[in-house]
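K.L.:
Pasting in a structure now, in structure tokens, and then I'll have a few things to ask.
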Amino acid sequence: RVYLDGGDGKSRTVASVADTIPAREWERVRVRDGEKGPIEVKAIKMRVTTGKGDERRRETLLVVRRPGERWFYLSNGKGVSLSKMTKAGA
């Protein structure tokens, strides 16, 4: 579960966060070349807060999707491009 910046203070599952992201905000990322051509996914990253009480920490949530599949990653790295994070996770 994560807390969104500027949100209402309630925690949400990462799946529910991903479900509310408008289609126009997702970016297409080419992760590698496949046997039948380039492999592309759609991805988005955002800063979130995880944990409770004194254990709260700021992290980057990366959501990667392609038809029928979806992956979620948390990272403490800041300043890493969406493309680089996506390629590392894919």
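Order determines the names: the first chain of the structure tokens is A, the second B, and so forth; residues in each chain are numbered 1 upward, and ligands are numbered 1 upward as they are shown.
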Any chance you could tabulate, as JSON lines, the residues of stretch 14-39 of chain A at most 10 Å from stretch 60-63 of chain A with each one's nearest atom pair and distance in Å to one decimal, using only C-alpha atoms, in chain and rising number order?
P.N.:
```
{"residue": "A:Val14", "atom": "CA", "partner": "A:Leu61", "partner_atom": "CA", "distance": 8.3}
{"residue": "A:Ala15", "atom": "CA", "partner": "A:Val63", "partner_atom": "CA", "distance": 9.0}
{"residue": "A:Val17", "atom": "CA", "partner": "A:Val63", "partner_atom": "CA", "distance": 9.5}
{"residue": "A:Ala18", "atom": "CA", "partner": "A:Val63", "partner_atom": "CA", "distance": 7.0}
{"residue": "A:Trp26", "atom": "CA", "partner": "A:Val63", "partner_atom": "CA", "distance": 9.3}
```
K.L.:
Write out as an NGL selection string all residues of chain A that backbone DSSP assigns to strand (DSSP E or B).
P.N.:
:A and (2-4 or 12 or 27-34 or 37-50 or 57-66 or 69-75)
K.L.:
If we count only C-alpha atoms and set the cut-off at 12 Å, which residues sit around A:Leu4, ignoring sequence neighbours fewer than 5 positions away in its own chain? Please answer as a PDB file with N, CA and C atoms, in the first residue's frame.
P.N.:
```pdb
ATOM      1  N   GLY A   9      -4.638  11.361   2.062  1.00  0.00           N
ATOM      2  CA  GLY A   9      -4.028  10.778   3.251  1.00  0.00           C
ATOM      3  C   GLY A   9      -4.363   9.317   3.470  1.00  0.00           C
ATOM      4  N   LYS A  10      -5.155   8.734   2.595  1.00  0.00           N
ATOM      5  CA  LYS A  10      -5.517   7.318   2.723  1.00  0.00           C
ATOM      6  C   LYS A  10      -4.553   6.481   1.896  1.00  0.00           C
ATOM      7  N   SER A  11      -4.202   5.313   2.414  1.00  0.00           N
ATOM      8  CA  SER A  11      -3.330   4.423   1.651  1.00  0.00           C
ATOM      9  C   SER A  11      -4.152   3.712   0.581  1.00  0.00           C
ATOM     10  N   ARG A  12      -3.451   3.357  -0.492  1.00  0.00           N
ATOM     11  CA  ARG A  12      -4.087   2.671  -1.614  1.00  0.00           C
ATOM     12  C   ARG A  12      -3.190   1.519  -2.057  1.00  0.00           C
ATOM     13  N   THR A  13      -3.783   0.523  -2.663  1.00  0.00           N
ATOM     14  CA  THR A  13      -2.965  -0.527  -3.266  1.00  0.00           C
ATOM     15  C   THR A  13      -2.344   0.036  -4.537  1.00  0.00           C
ATOM     16  N   VAL A  14      -1.192  -0.488  -4.916  1.00  0.00           N
ATOM     17  CA  VAL A  14      -0.561   0.002  -6.139  1.00  0.00           C
ATOM     18  C   VAL A  14      -1.423  -0.336  -7.356  1.00  0.00           C
ATOM     19  N   SER A  16      -4.736  -0.289  -7.459  1.00  0.00           N
ATOM     20  CA  SER A  16      -5.790   0.722  -7.568  1.00  0.00           C
ATOM     21  C   SER A  16      -5.232   2.058  -8.051  1.00  0.00           C
ATOM     22  N   VAL A  17      -3.994   2.371  -7.668  1.00  0.00           N
ATOM     23  CA  VAL A  17      -3.351   3.585  -8.181  1.00  0.00           C
ATOM     24  C   VAL A  17      -3.189   3.469  -9.687  1.00  0.00           C
ATOM     25  N   ALA A  18      -2.685   2.343 -10.156  1.00  0.00           N
ATOM     26  CA  ALA A  18      -2.477   2.140 -11.597  1.00  0.00           C
ATOM     27  C   ALA A  18      -3.789   2.220 -12.372  1.00  0.00           C
ATOM     28  N   LYS A  45       6.036   6.500 -13.748  1.00  0.00           N
ATOM     29  CA  LYS A  45       6.633   6.487 -12.413  1.00  0.00           C
ATOM     30  C   LYS A  45       6.126   7.693 -11.648  1.00  0.00           C
ATOM     31  N   MET A  46       6.090   7.540 -10.324  1.00  0.00           N
ATOM     32  CA  MET A  46       5.632   8.630  -9.460  1.00  0.00           C
ATOM     33  C   MET A  46       6.233   8.452  -8.073  1.00  0.00           C
ATOM     34  N   ARG A  47       6.372   9.548  -7.364  1.00  0.00           N
ATOM     35  CA  ARG A  47       6.861   9.489  -5.994  1.00  0.00           C
ATOM     36  C   ARG A  47       5.686   9.187  -5.080  1.00  0.00           C
ATOM     37  N   VAL A  48       5.901   8.257  -4.160  1.00  0.00           N
ATOM     38  CA  VAL A  48       4.883   7.854  -3.192  1.00  0.00           C
ATOM     39  C   VAL A  48       5.536   7.714  -1.826  1.00  0.00           C
ATOM     40  N   THR A  49       4.715   7.557  -0.817  1.00  0.00           N
ATOM     41  CA  THR A  49       5.188   7.273   0.537  1.00  0.00           C
ATOM     42  C   THR A  49       4.719   5.878   0.903  1.00  0.00           C
ATOM     43  N   THR A  50       5.620   5.101   1.492  1.00  0.00           N
ATOM     44  CA  THR A  50       5.268   3.753   1.934  1.00  0.00           C
ATOM     45  C   THR A  50       5.490   3.655   3.441  1.00  0.00           C
ATOM     46  N   ARG A  58       9.966   7.827   1.506  1.00  0.00           N
ATOM     47  CA  ARG A  58       9.639   8.259   0.147  1.00  0.00           C
ATOM     48  C   ARG A  58      10.309   7.309  -0.838  1.00  0.00           C
ATOM     49  N   GLU A  59       9.542   6.851  -1.800  1.00  0.00           N
ATOM     50  CA  GLU A  59      10.056   5.937  -2.804  1.00  0.00           C
ATOM     51  C   GLU A  59       9.455   6.290  -4.162  1.00  0.00           C
ATOM     52  N   THR A  60      10.028   5.715  -5.201  1.00  0.00           N
ATOM     53  CA  THR A  60       9.495   5.874  -6.543  1.00  0.00           C
ATOM     54  C   THR A  60       8.738   4.602  -6.902  1.00  0.00           C
ATOM     55  N   LEU A  61       7.486   4.767  -7.292  1.00  0.00           N
ATOM     56  CA  LEU A  61       6.666   3.660  -7.768  1.00  0.00           C
ATOM     57  C   LEU A  61       6.747   3.634  -9.285  1.00  0.00           C
TER      58      LEU A  61
END
```
K.L.:
Determine the nearest neighbour of A:Arg24 from the options A:Lys42, A:Lys87, A:Arg56, A:Leu74, counting only C-alpha atoms.
P.N.:
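Result for the nearest residue to A:Arg24: A:Lys42.
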K.L.:
Using only C-alpha atoms, which of the listed residues (A:Gly51, A:Gly77, A:Arg30, A:Lys36) sits closest to A:Val64?
P.N.:
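Result for the nearest residue to A:Val64: A:Arg30.
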K.L.:
Considering only C-alpha atoms, return as a PyMOL selection string whatever protein or nucleic-acid residues lie within 10 Å of A:Ser83, sequence-local ones (same chain, fewer than 2 positions apart) excluded.
P.N.:
chain A and resi 27-31+43-44+80-81+85-88
K.L.:
Which one is closest to A:Glu40: A:Lys78, A:Arg66, A:Gly89, A:Asp5? Count only C-alpha atoms.
P.N.:
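Selected residue with least distance to A:Glu40: A:Arg66.
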K.L.:
Step one, run DSSP on the backbone; step two, keep only residues of chain A assigned to helix (DSSP H, G or I); then write them as a ChimeraX atom specification.
P.N.:
/A:14-19,23-25,53-55,82-89
K.L.:
Please compute the atom CA of A:Arg70-atom CA of A:Glu55 distance, one decimal, in Å.
P.N.:
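Rounded to one decimal, the two atoms are 27.2 Å apart.
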